[in-house]
Amino acid sequence: MKRILFTGGGSAGHVIPNIALMNELKYSYRISYMGTGGIEKTLVGKNGYPFFQVDCPKLVRSFTLENFKIPFRLSRAKKKALEILKREQPDLVFSKGGFASYPAVWAAHKLGIPVLTHESDLSAGLCTKLIANKCKYVLTSFPETANRFKNGKQTGSPIRKEILCGEQSRARKKYGFTNKKPVLLVLGGGSGSRALNEAIEKNLPLLLEQFQILHLTGKGNASASRDGYVPLEFENDMGSAYACADIVLARAGSNTVFEIITLKKPSVLVPLMRGSRGDQLENAEYFEKKGLCTLLPEENLDGLVSTLEGTLHNTAMKAALCDCDIASGTPVILEIIKSEVYSKGASE
């Protein structure tokens with residue numbers, strides 16, 4: 001059986017798309033994962049895949065003495081990754097980016113193991129730029145991103161199959177919603193968003209006059225539920241969460257935005273700016289220009305209620321979403337993976 005090692009981490013956005021692909025491949029390939037002891041270890045462990053921990057240093061985007069330790073820590077990480085890949089002998093390494101993926105990609109390239117990477121954002125992250133020349137292809141969610149790499153190939157964003165299979169009436173029954181008011185889904189990312197949580201709490205009485213609300217708050221942030229308001233720290237069944245919704249309020253991480261648009265949901269996107277390289281703002285601006293979402297800067301959250309109402313009734317946006325041909329990139333990516341796995345010979 002052919003072996004595929006996945007890598008990527010630092011945030012859920014670098015891990016969950018990998019899991020979408022791994023769950024499709026696990027019956028035909030031996031799947032394993034390399035990453036740090038961060039969120040990737042938790043998420044991959046929950047899905048039962050073998051996990052190899054290699055702690056890779058992260059560049060801090062401000063002056064700190066910790067950055068001076070990076071060359072030494074990176075050298076140790078590369079050595080450990082090389083040892084693991086020599087032992088495991090994968091036929092392919094697939095990277096979803098983030099600093100956690102660098103040792104696995106470096107080691108695979110040194111050993112002559114084919115590497116694919118996928119970049120979600122409109123502007124490539126630092127790791128993608130560093131590993132691009134070590135990869136057969138740089139797969140991308142955005143066509144414009146692919147054009148920036150000589151080995152770029154636009155595939156779309158990998159989306160979990162279960163997200164696309166929700167059924168509205170069943171989902172609304174699950175959360176106790178009726179059809180009397182539209183449903184607002186609030187997403188703050190894997191760990192929640194303090195800004196969105198505070199905006200919902202501040203405006204909750206007024207919002208409940210207009211909406212029923214499913215609020216994914218992040219761990220430790222869920223408050224008491226009330227009629228028409230369902231706060232959950234986390235939801236494994238994202239197919240139902242999306243299916244029940246008429247409109248979505250979210251950050252603008254690429255994976256989330258592609259899920260929302262693939263499902264043709266009107267949305268208000270509030271890009272994360274603090275501590276960000278600006279990728280979420282670029283993602284939101286890109287889709288707003290196409291009429292597929294509303295961009296609401298975090299400093300303008302005082303206008304949240306009117307912005308949500310305007311977006312919900314934006315007939316031009318709904319028409320643009322219906323006409324949009326954006327779809328899950330999972331099938332295309334899977335075909336490329338399978339092709340590259342077998343490019344050196346027949347199955348064992």
# chains A, B, ... in the order shown; residues from 1 in each chain; ligands from 1
$ residues_around --residues "Asn179 in chain A" --least-positions-apart "2" --cutoff "12 Å" --atoms "only C-alpha atoms" --output "PyMOL selection string"
chain A and resi 168-173+176-177+181-183+211-212+228+244-246
$ select_by_dssp --residues "range 155-323 of chain A" --states "strand (DSSP E)" --output "list in words"
Val183, Leu184, Leu185, Val186, Leu187, Gln212, Ile213, Leu214, His215, Leu216, Tyr229, Val230, Pro231, Leu232, Ile247, Val248, Leu249, Ala250, Ser267, Val268, Leu269, Thr294 and Leu295 of chain A
$ atom_distance --atom1 "CA of Ala327 in chain A" --atom2 "CA of Lys41 in chain A"
28.6 Å
$ select_by_dssp --residues "range 123-300 of chain A" --states "alpha helix (DSSP H)" --output "PDB file with N, CA, C and O atoms, in the first residue's frame"
ATOM      1  N   LEU A 126       4.701  32.905   4.071  1.00  0.00           N
ATOM      2  CA  LEU A 126       6.154  32.796   4.054  1.00  0.00           C
ATOM      3  C   LEU A 126       6.614  31.372   3.788  1.00  0.00           C
ATOM      4  O   LEU A 126       7.534  31.138   2.994  1.00  0.00           O
ATOM      5  N   CYS A 127       5.984  30.396   4.429  1.00  0.00           N
ATOM      6  CA  CYS A 127       6.421  29.015   4.254  1.00  0.00           C
ATOM      7  C   CYS A 127       6.235  28.560   2.809  1.00  0.00           C
ATOM      8  O   CYS A 127       7.104  27.889   2.248  1.00  0.00           O
ATOM      9  N   THR A 128       5.107  28.914   2.208  1.00  0.00           N
ATOM     10  CA  THR A 128       4.882  28.536   0.807  1.00  0.00           C
ATOM     11  C   THR A 128       5.974  29.105  -0.085  1.00  0.00           C
ATOM     12  O   THR A 128       6.483  28.431  -0.988  1.00  0.00           O
ATOM     13  N   LYS A 129       6.354  30.344   0.160  1.00  0.00           N
ATOM     14  CA  LYS A 129       7.418  30.964  -0.640  1.00  0.00           C
ATOM     15  C   LYS A 129       8.747  30.228  -0.454  1.00  0.00           C
ATOM     16  O   LYS A 129       9.517  30.068  -1.401  1.00  0.00           O
ATOM     17  N   LEU A 130       9.011  29.761   0.774  1.00  0.00           N
ATOM     18  CA  LEU A 130      10.274  29.093   1.059  1.00  0.00           C
ATOM     19  C   LEU A 130      10.347  27.694   0.458  1.00  0.00           C
ATOM     20  O   LEU A 130      11.425  27.230   0.074  1.00  0.00           O
ATOM     21  N   ILE A 131       9.202  27.013   0.367  1.00  0.00           N
ATOM     22  CA  ILE A 131       9.225  25.621  -0.074  1.00  0.00           C
ATOM     23  C   ILE A 131       8.803  25.441  -1.528  1.00  0.00           C
ATOM     24  O   ILE A 131       8.891  24.332  -2.057  1.00  0.00           O
ATOM     25  N   PRO A 143      -6.922  31.527  -8.489  1.00  0.00           N
ATOM     26  CA  PRO A 143      -6.167  31.460  -9.750  1.00  0.00           C
ATOM     27  C   PRO A 143      -5.024  32.465  -9.798  1.00  0.00           C
ATOM     28  O   PRO A 143      -3.963  32.175 -10.349  1.00  0.00           O
ATOM     29  N   GLU A 144      -5.235  33.647  -9.233  1.00  0.00           N
ATOM     30  CA  GLU A 144      -4.191  34.675  -9.253  1.00  0.00           C
ATOM     31  C   GLU A 144      -2.943  34.225  -8.496  1.00  0.00           C
ATOM     32  O   GLU A 144      -1.822  34.581  -8.857  1.00  0.00           O
ATOM     33  N   THR A 145      -3.131  33.443  -7.446  1.00  0.00           N
ATOM     34  CA  THR A 145      -1.998  32.952  -6.666  1.00  0.00           C
ATOM     35  C   THR A 145      -1.176  31.967  -7.487  1.00  0.00           C
ATOM     36  O   THR A 145       0.064  32.000  -7.459  1.00  0.00           O
ATOM     37  N   ALA A 146      -1.840  31.093  -8.203  1.00  0.00           N
ATOM     38  CA  ALA A 146      -1.127  30.110  -9.032  1.00  0.00           C
ATOM     39  C   ALA A 146      -0.240  30.795 -10.059  1.00  0.00           C
ATOM     40  O   ALA A 146       0.853  30.313 -10.378  1.00  0.00           O
ATOM     41  N   GLN A 168     -31.416  21.454   5.499  1.00  0.00           N
ATOM     42  CA  GLN A 168     -31.870  22.574   6.308  1.00  0.00           C
ATOM     43  C   GLN A 168     -32.935  22.202   7.336  1.00  0.00           C
ATOM     44  O   GLN A 168     -32.811  22.569   8.512  1.00  0.00           O
ATOM     45  N   SER A 169     -33.974  21.510   6.957  1.00  0.00           N
ATOM     46  CA  SER A 169     -35.056  21.235   7.911  1.00  0.00           C
ATOM     47  C   SER A 169     -34.560  20.377   9.066  1.00  0.00           C
ATOM     48  O   SER A 169     -34.911  20.609  10.234  1.00  0.00           O
ATOM     49  N   ARG A 170     -33.726  19.401   8.773  1.00  0.00           N
ATOM     50  CA  ARG A 170     -33.173  18.547   9.819  1.00  0.00           C
ATOM     51  C   ARG A 170     -32.236  19.355  10.724  1.00  0.00           C
ATOM     52  O   ARG A 170     -32.239  19.199  11.947  1.00  0.00           O
ATOM     53  N   ALA A 171     -31.426  20.240  10.124  1.00  0.00           N
ATOM     54  CA  ALA A 171     -30.485  21.053  10.899  1.00  0.00           C
ATOM     55  C   ALA A 171     -31.230  22.009  11.827  1.00  0.00           C
ATOM     56  O   ALA A 171     -30.854  22.173  13.002  1.00  0.00           O
ATOM     57  N   ARG A 172     -32.272  22.641  11.332  1.00  0.00           N
ATOM     58  CA  ARG A 172     -33.018  23.575  12.181  1.00  0.00           C
ATOM     59  C   ARG A 172     -33.712  22.857  13.335  1.00  0.00           C
ATOM     60  O   ARG A 172     -33.799  23.380  14.453  1.00  0.00           O
ATOM     61  N   LYS A 173     -34.169  21.660  13.078  1.00  0.00           N
ATOM     62  CA  LYS A 173     -34.774  20.868  14.146  1.00  0.00           C
ATOM     63  C   LYS A 173     -33.731  20.529  15.199  1.00  0.00           C
ATOM     64  O   LYS A 173     -34.011  20.561  16.412  1.00  0.00           O
ATOM     65  N   LYS A 174     -32.518  20.208  14.761  1.00  0.00           N
ATOM     66  CA  LYS A 174     -31.436  19.869  15.693  1.00  0.00           C
ATOM     67  C   LYS A 174     -31.171  21.003  16.668  1.00  0.00           C
ATOM     68  O   LYS A 174     -30.960  20.760  17.871  1.00  0.00           O
ATOM     69  N   TYR A 175     -31.171  22.249  16.187  1.00  0.00           N
ATOM     70  CA  TYR A 175     -30.845  23.396  17.043  1.00  0.00           C
ATOM     71  C   TYR A 175     -32.076  24.050  17.665  1.00  0.00           C
ATOM     72  O   TYR A 175     -31.939  25.013  18.423  1.00  0.00           O
ATOM     73  N   ARG A 194     -12.812  37.090  19.942  1.00  0.00           N
ATOM     74  CA  ARG A 194     -13.279  37.954  21.022  1.00  0.00           C
ATOM     75  C   ARG A 194     -14.102  39.110  20.468  1.00  0.00           C
ATOM     76  O   ARG A 194     -15.147  39.461  21.019  1.00  0.00           O
ATOM     77  N   ALA A 195     -13.647  39.695  19.355  1.00  0.00           N
ATOM     78  CA  ALA A 195     -14.355  40.848  18.790  1.00  0.00           C
ATOM     79  C   ALA A 195     -15.765  40.470  18.354  1.00  0.00           C
ATOM     80  O   ALA A 195     -16.734  41.194  18.630  1.00  0.00           O
ATOM     81  N   LEU A 196     -15.905  39.343  17.661  1.00  0.00           N
ATOM     82  CA  LEU A 196     -17.237  38.922  17.211  1.00  0.00           C
ATOM     83  C   LEU A 196     -18.097  38.515  18.400  1.00  0.00           C
ATOM     84  O   LEU A 196     -19.298  38.838  18.447  1.00  0.00           O
ATOM     85  N   ASN A 197     -17.517  37.810  19.357  1.00  0.00           N
ATOM     86  CA  ASN A 197     -18.281  37.406  20.536  1.00  0.00           C
ATOM     87  C   ASN A 197     -18.811  38.617  21.293  1.00  0.00           C
ATOM     88  O   ASN A 197     -19.976  38.647  21.718  1.00  0.00           O
ATOM     89  N   GLU A 198     -17.967  39.617  21.462  1.00  0.00           N
ATOM     90  CA  GLU A 198     -18.392  40.822  22.185  1.00  0.00           C
ATOM     91  C   GLU A 198     -19.449  41.597  21.401  1.00  0.00           C
ATOM     92  O   GLU A 198     -20.388  42.150  21.987  1.00  0.00           O
ATOM     93  N   ALA A 199     -19.309  41.631  20.081  1.00  0.00           N
ATOM     94  CA  ALA A 199     -20.295  42.338  19.255  1.00  0.00           C
ATOM     95  C   ALA A 199     -21.658  41.653  19.320  1.00  0.00           C
ATOM     96  O   ALA A 199     -22.703  42.319  19.375  1.00  0.00           O
ATOM     97  N   ILE A 200     -21.655  40.316  19.318  1.00  0.00           N
ATOM     98  CA  ILE A 200     -22.916  39.591  19.425  1.00  0.00           C
ATOM     99  C   ILE A 200     -23.547  39.824  20.788  1.00  0.00           C
ATOM    100  O   ILE A 200     -24.760  40.101  20.901  1.00  0.00           O
ATOM    101  N   GLU A 201     -22.748  39.724  21.844  1.00  0.00           N
ATOM    102  CA  GLU A 201     -23.272  39.936  23.202  1.00  0.00           C
ATOM    103  C   GLU A 201     -23.855  41.343  23.353  1.00  0.00           C
ATOM    104  O   GLU A 201     -24.943  41.521  23.919  1.00  0.00           O
ATOM    105  N   LYS A 202     -23.171  42.331  22.835  1.00  0.00           N
ATOM    106  CA  LYS A 202     -23.607  43.721  22.951  1.00  0.00           C
ATOM    107  C   LYS A 202     -24.920  43.960  22.215  1.00  0.00           C
ATOM    108  O   LYS A 202     -25.786  44.709  22.688  1.00  0.00           O
ATOM    109  N   ASN A 203     -25.083  43.320  21.062  1.00  0.00           N
ATOM    110  CA  ASN A 203     -26.245  43.582  20.210  1.00  0.00           C
ATOM    111  C   ASN A 203     -27.300  42.486  20.258  1.00  0.00           C
ATOM    112  O   ASN A 203     -28.245  42.509  19.462  1.00  0.00           O
ATOM    113  N   LEU A 204     -27.148  41.534  21.191  1.00  0.00           N
ATOM    114  CA  LEU A 204     -28.005  40.351  21.174  1.00  0.00           C
ATOM    115  C   LEU A 204     -29.508  40.654  21.230  1.00  0.00           C
ATOM    116  O   LEU A 204     -30.278  40.102  20.425  1.00  0.00           O
ATOM    117  N   PRO A 205     -29.983  41.509  22.135  1.00  0.00           N
ATOM    118  CA  PRO A 205     -31.430  41.766  22.144  1.00  0.00           C
ATOM    119  C   PRO A 205     -31.947  42.289  20.800  1.00  0.00           C
ATOM    120  O   PRO A 205     -33.005  41.855  20.328  1.00  0.00           O
ATOM    121  N   LEU A 206     -31.209  43.208  20.195  1.00  0.00           N
ATOM    122  CA  LEU A 206     -31.634  43.761  18.906  1.00  0.00           C
ATOM    123  C   LEU A 206     -31.530  42.720  17.804  1.00  0.00           C
ATOM    124  O   LEU A 206     -32.418  42.625  16.937  1.00  0.00           O
ATOM    125  N   LEU A 207     -30.478  41.910  17.821  1.00  0.00           N
ATOM    126  CA  LEU A 207     -30.322  40.871  16.804  1.00  0.00           C
ATOM    127  C   LEU A 207     -31.430  39.836  16.882  1.00  0.00           C
ATOM    128  O   LEU A 207     -31.920  39.352  15.852  1.00  0.00           O
ATOM    129  N   LEU A 208     -31.844  39.502  18.105  1.00  0.00           N
ATOM    130  CA  LEU A 208     -32.880  38.474  18.261  1.00  0.00           C
ATOM    131  C   LEU A 208     -34.253  38.950  17.800  1.00  0.00           C
ATOM    132  O   LEU A 208     -35.164  38.133  17.611  1.00  0.00           O
ATOM    133  N   GLU A 209     -34.415  40.254  17.620  1.00  0.00           N
ATOM    134  CA  GLU A 209     -35.661  40.746  17.009  1.00  0.00           C
ATOM    135  C   GLU A 209     -35.718  40.383  15.534  1.00  0.00           C
ATOM    136  O   GLU A 209     -36.810  40.256  14.964  1.00  0.00           O
ATOM    137  N   GLN A 210     -34.535  40.198  14.919  1.00  0.00           N
ATOM    138  CA  GLN A 210     -34.458  39.961  13.482  1.00  0.00           C
ATOM    139  C   GLN A 210     -34.064  38.529  13.121  1.00  0.00           C
ATOM    140  O   GLN A 210     -34.439  38.031  12.066  1.00  0.00           O
ATOM    141  N   MET A 238     -20.419  20.510  11.148  1.00  0.00           N
ATOM    142  CA  MET A 238     -20.495  21.787  10.450  1.00  0.00           C
ATOM    143  C   MET A 238     -21.447  21.735   9.259  1.00  0.00           C
ATOM    144  O   MET A 238     -21.930  22.770   8.803  1.00  0.00           O
ATOM    145  N   GLY A 239     -21.744  20.559   8.758  1.00  0.00           N
ATOM    146  CA  GLY A 239     -22.735  20.450   7.699  1.00  0.00           C
ATOM    147  C   GLY A 239     -24.083  20.974   8.151  1.00  0.00           C
ATOM    148  O   GLY A 239     -24.747  21.736   7.436  1.00  0.00           O
ATOM    149  N   SER A 240     -24.483  20.613   9.368  1.00  0.00           N
ATOM    150  CA  SER A 240     -25.749  21.108   9.919  1.00  0.00           C
ATOM    151  C   SER A 240     -25.666  22.582  10.270  1.00  0.00           C
ATOM    152  O   SER A 240     -26.633  23.333  10.066  1.00  0.00           O
ATOM    153  N   ALA A 241     -24.525  23.016  10.804  1.00  0.00           N
ATOM    154  CA  ALA A 241     -24.368  24.430  11.171  1.00  0.00           C
ATOM    155  C   ALA A 241     -24.567  25.323   9.948  1.00  0.00           C
ATOM    156  O   ALA A 241     -25.288  26.332  10.008  1.00  0.00           O
ATOM    157  N   TYR A 242     -23.931  24.975   8.847  1.00  0.00           N
ATOM    158  CA  TYR A 242     -24.102  25.763   7.625  1.00  0.00           C
ATOM    159  C   TYR A 242     -25.513  25.605   7.046  1.00  0.00           C
ATOM    160  O   TYR A 242     -26.109  26.574   6.558  1.00  0.00           O
ATOM    161  N   ALA A 243     -26.040  24.385   7.089  1.00  0.00           N
ATOM    162  CA  ALA A 243     -27.333  24.122   6.444  1.00  0.00           C
ATOM    163  C   ALA A 243     -28.462  24.917   7.079  1.00  0.00           C
ATOM    164  O   ALA A 243     -29.402  25.336   6.390  1.00  0.00           O
ATOM    165  N   SER A 254      -9.282  31.956   4.632  1.00  0.00           N
ATOM    166  CA  SER A 254      -9.606  31.477   3.296  1.00  0.00           C
ATOM    167  C   SER A 254     -10.486  30.235   3.299  1.00  0.00           C
ATOM    168  O   SER A 254     -11.448  30.147   2.537  1.00  0.00           O
ATOM    169  N   ASN A 255     -10.168  29.265   4.155  1.00  0.00           N
ATOM    170  CA  ASN A 255     -10.952  28.028   4.154  1.00  0.00           C
ATOM    171  C   ASN A 255     -12.417  28.304   4.465  1.00  0.00           C
ATOM    172  O   ASN A 255     -13.317  27.775   3.809  1.00  0.00           O
ATOM    173  N   THR A 256     -12.648  29.138   5.479  1.00  0.00           N
ATOM    174  CA  THR A 256     -14.019  29.479   5.855  1.00  0.00           C
ATOM    175  C   THR A 256     -14.737  30.212   4.729  1.00  0.00           C
ATOM    176  O   THR A 256     -15.898  29.915   4.407  1.00  0.00           O
ATOM    177  N   VAL A 257     -14.057  31.162   4.111  1.00  0.00           N
ATOM    178  CA  VAL A 257     -14.694  31.946   3.045  1.00  0.00           C
ATOM    179  C   VAL A 257     -15.054  31.060   1.856  1.00  0.00           C
ATOM    180  O   VAL A 257     -16.154  31.186   1.280  1.00  0.00           O
ATOM    181  N   PHE A 258     -14.184  30.147   1.483  1.00  0.00           N
ATOM    182  CA  PHE A 258     -14.499  29.251   0.376  1.00  0.00           C
ATOM    183  C   PHE A 258     -15.650  28.315   0.722  1.00  0.00           C
ATOM    184  O   PHE A 258     -16.477  27.985  -0.138  1.00  0.00           O
ATOM    185  N   GLU A 259     -15.737  27.891   1.973  1.00  0.00           N
ATOM    186  CA  GLU A 259     -16.886  27.081   2.384  1.00  0.00           C
ATOM    187  C   GLU A 259     -18.177  27.873   2.244  1.00  0.00           C
ATOM    188  O   GLU A 259     -19.172  27.385   1.677  1.00  0.00           O
ATOM    189  N   ILE A 260     -18.176  29.095   2.733  1.00  0.00           N
ATOM    190  CA  ILE A 260     -19.377  29.937   2.692  1.00  0.00           C
ATOM    191  C   ILE A 260     -19.822  30.179   1.255  1.00  0.00           C
ATOM    192  O   ILE A 260     -21.020  30.063   0.929  1.00  0.00           O
ATOM    193  N   ILE A 261     -18.881  30.497   0.385  1.00  0.00           N
ATOM    194  CA  ILE A 261     -19.240  30.836  -0.996  1.00  0.00           C
ATOM    195  C   ILE A 261     -19.618  29.585  -1.785  1.00  0.00           C
ATOM    196  O   ILE A 261     -20.543  29.611  -2.602  1.00  0.00           O
ATOM    197  N   THR A 262     -18.948  28.478  -1.541  1.00  0.00           N
ATOM    198  CA  THR A 262     -19.332  27.223  -2.194  1.00  0.00           C
ATOM    199  C   THR A 262     -20.765  26.851  -1.839  1.00  0.00           C
ATOM    200  O   THR A 262     -21.524  26.351  -2.684  1.00  0.00           O
ATOM    201  N   ASP A 279      -3.644  38.829   5.332  1.00  0.00           N
ATOM    202  CA  ASP A 279      -4.213  37.879   4.371  1.00  0.00           C
ATOM    203  C   ASP A 279      -5.736  37.841   4.425  1.00  0.00           C
ATOM    204  O   ASP A 279      -6.405  37.720   3.391  1.00  0.00           O
ATOM    205  N   GLN A 280      -6.314  37.971   5.635  1.00  0.00           N
ATOM    206  CA  GLN A 280      -7.777  37.924   5.720  1.00  0.00           C
ATOM    207  C   GLN A 280      -8.417  39.134   5.055  1.00  0.00           C
ATOM    208  O   GLN A 280      -9.459  39.010   4.398  1.00  0.00           O
ATOM    209  N   LEU A 281      -7.796  40.290   5.195  1.00  0.00           N
ATOM    210  CA  LEU A 281      -8.323  41.482   4.533  1.00  0.00           C
ATOM    211  C   LEU A 281      -8.277  41.313   3.018  1.00  0.00           C
ATOM    212  O   LEU A 281      -9.236  41.649   2.321  1.00  0.00           O
ATOM    213  N   GLU A 282      -7.173  40.772   2.510  1.00  0.00           N
ATOM    214  CA  GLU A 282      -7.058  40.540   1.069  1.00  0.00           C
ATOM    215  C   GLU A 282      -8.120  39.561   0.578  1.00  0.00           C
ATOM    216  O   GLU A 282      -8.732  39.774  -0.483  1.00  0.00           O
ATOM    217  N   ASN A 283      -8.357  38.497   1.333  1.00  0.00           N
ATOM    218  CA  ASN A 283      -9.374  37.528   0.954  1.00  0.00           C
ATOM    219  C   ASN A 283     -10.752  38.183   0.877  1.00  0.00           C
ATOM    220  O   ASN A 283     -11.510  37.988  -0.087  1.00  0.00           O
ATOM    221  N   ALA A 284     -11.086  38.953   1.913  1.00  0.00           N
ATOM    222  CA  ALA A 284     -12.405  39.586   1.973  1.00  0.00           C
ATOM    223  C   ALA A 284     -12.575  40.618   0.862  1.00  0.00           C
ATOM    224  O   ALA A 284     -13.641  40.701   0.225  1.00  0.00           O
ATOM    225  N   GLU A 285     -11.546  41.422   0.620  1.00  0.00           N
ATOM    226  CA  GLU A 285     -11.630  42.436  -0.434  1.00  0.00           C
ATOM    227  C   GLU A 285     -11.817  41.781  -1.800  1.00  0.00           C
ATOM    228  O   GLU A 285     -12.572  42.281  -2.647  1.00  0.00           O
ATOM    229  N   TYR A 286     -11.135  40.678  -2.025  1.00  0.00           N
ATOM    230  CA  TYR A 286     -11.224  39.952  -3.294  1.00  0.00           C
ATOM    231  C   TYR A 286     -12.671  39.543  -3.591  1.00  0.00           C
ATOM    232  O   TYR A 286     -13.194  39.770  -4.694  1.00  0.00           O
ATOM    233  N   PHE A 287     -13.326  38.957  -2.605  1.00  0.00           N
ATOM    234  CA  PHE A 287     -14.683  38.465  -2.831  1.00  0.00           C
ATOM    235  C   PHE A 287     -15.717  39.585  -2.765  1.00  0.00           C
ATOM    236  O   PHE A 287     -16.762  39.503  -3.427  1.00  0.00           O
ATOM    237  N   GLU A 288     -15.447  40.642  -1.997  1.00  0.00           N
ATOM    238  CA  GLU A 288     -16.376  41.765  -1.980  1.00  0.00           C
ATOM    239  C   GLU A 288     -16.424  42.438  -3.352  1.00  0.00           C
ATOM    240  O   GLU A 288     -17.507  42.825  -3.827  1.00  0.00           O
ATOM    241  N   LYS A 289     -15.271  42.555  -4.010  1.00  0.00           N
ATOM    242  CA  LYS A 289     -15.231  43.152  -5.347  1.00  0.00           C
ATOM    243  C   LYS A 289     -16.049  42.355  -6.349  1.00  0.00           C
ATOM    244  O   LYS A 289     -16.547  42.896  -7.343  1.00  0.00           O
TER     245      LYS A 289
END
$ residues_around --residues "range 25-27 of chain A" --least-positions-apart "5" --cutoff "12 Å" --atoms "only C-alpha atoms" --output "PyMOL selection string"
chain A and resi 1-6+18-20+32+47-50+330-331+333-335+337-338+341
$ atom_distance --atom1 "CA of Thr7 in chain A" --atom2 "CA of Tyr33 in chain A"
5.6 Å
$ atom_distance --atom1 "CA of Leu295 in chain A" --atom2 "CA of Leu249 in chain A"
10.2 Å
$ closest_residue --among "A:Thr307, A:Ser123, A:Asn147, A:Thr155" --to "Ser267 in chain A" --atoms "only C-alpha atoms"
A:Thr307
$ residues_around --residues "Leu111 in chain A" --least-positions-apart "6" --cutoff "10 Å" --atoms "only C-alpha atoms" --output "number ranges by chain"
A: 82, 85-86, 89, 105
$ closest_residue --among "A:Ser223, A:Gln53, A:Asn133, A:Ser157" --to "Ala104 in chain A" --atoms "only C-alpha atoms"
A:Gln53
$ residues_around --residues "Gly98 in chain A" --least-positions-apart "4" --cutoff "7 Å" --atoms "only C-alpha atoms" --output "list in words"
Gly8, Gly9, Gly10, His14 and Cys127 of chain A
$ residues_around --residues "Asn151 in chain A" --least-positions-apart "5" --cutoff "12 Å" --atoms "only C-alpha atoms" --output "PyMOL selection string"
chain A and resi 115-118+129+131-140+145-146
$ residues_around --residues "Lys79 in chain A" --least-positions-apart "5" --cutoff "9 Å" --atoms "only C-alpha atoms" --output "list in words"
Leu74, Ile84, Pro103 and Ala107 of chain A
$ write_last_selection --atoms "all heavy atoms" --output "CSV table (one decimal), in the first residue's frame"
chain,number,residue,atom,x,y,z
A,74,LEU,N,15.8,25.1,14.1
A,74,LEU,CA,15.4,24.6,12.8
A,74,LEU,C,16.3,23.4,12.4
A,74,LEU,O,15.8,22.4,11.8
A,74,LEU,CB,15.4,25.7,11.8
A,74,LEU,CG,14.9,25.3,10.4
A,74,LEU,CD1,13.5,24.8,10.4
A,74,LEU,CD2,15.0,26.5,9.5
A,84,ILE,N,12.8,10.6,10.5
A,84,ILE,CA,11.5,10.0,10.4
A,84,ILE,C,11.2,9.6,9.0
A,84,ILE,O,10.7,8.5,8.7
A,84,ILE,CB,10.4,11.0,10.9
A,84,ILE,CG1,10.6,11.2,12.4
A,84,ILE,CG2,9.0,10.5,10.6
A,84,ILE,CD1,9.8,12.3,13.0
A,103,PRO,N,10.0,21.4,8.1
A,103,PRO,CA,11.0,20.3,8.2
A,103,PRO,C,10.6,19.1,7.3
A,103,PRO,O,11.5,18.5,6.7
A,103,PRO,CB,10.9,19.9,9.7
A,103,PRO,CG,10.4,21.2,10.4
A,103,PRO,CD,9.5,21.8,9.4
A,107,ALA,N,13.0,17.7,4.3
A,107,ALA,CA,13.5,16.3,4.4
A,107,ALA,C,13.1,15.5,3.2
A,107,ALA,O,13.9,14.7,2.6
A,107,ALA,CB,13.1,15.6,5.7
$ closest_residue --among "A:Ala77, A:Val54, A:Leu272, A:Ile16" --to "Gly37 in chain A" --atoms "only C-alpha atoms"
A:Val54
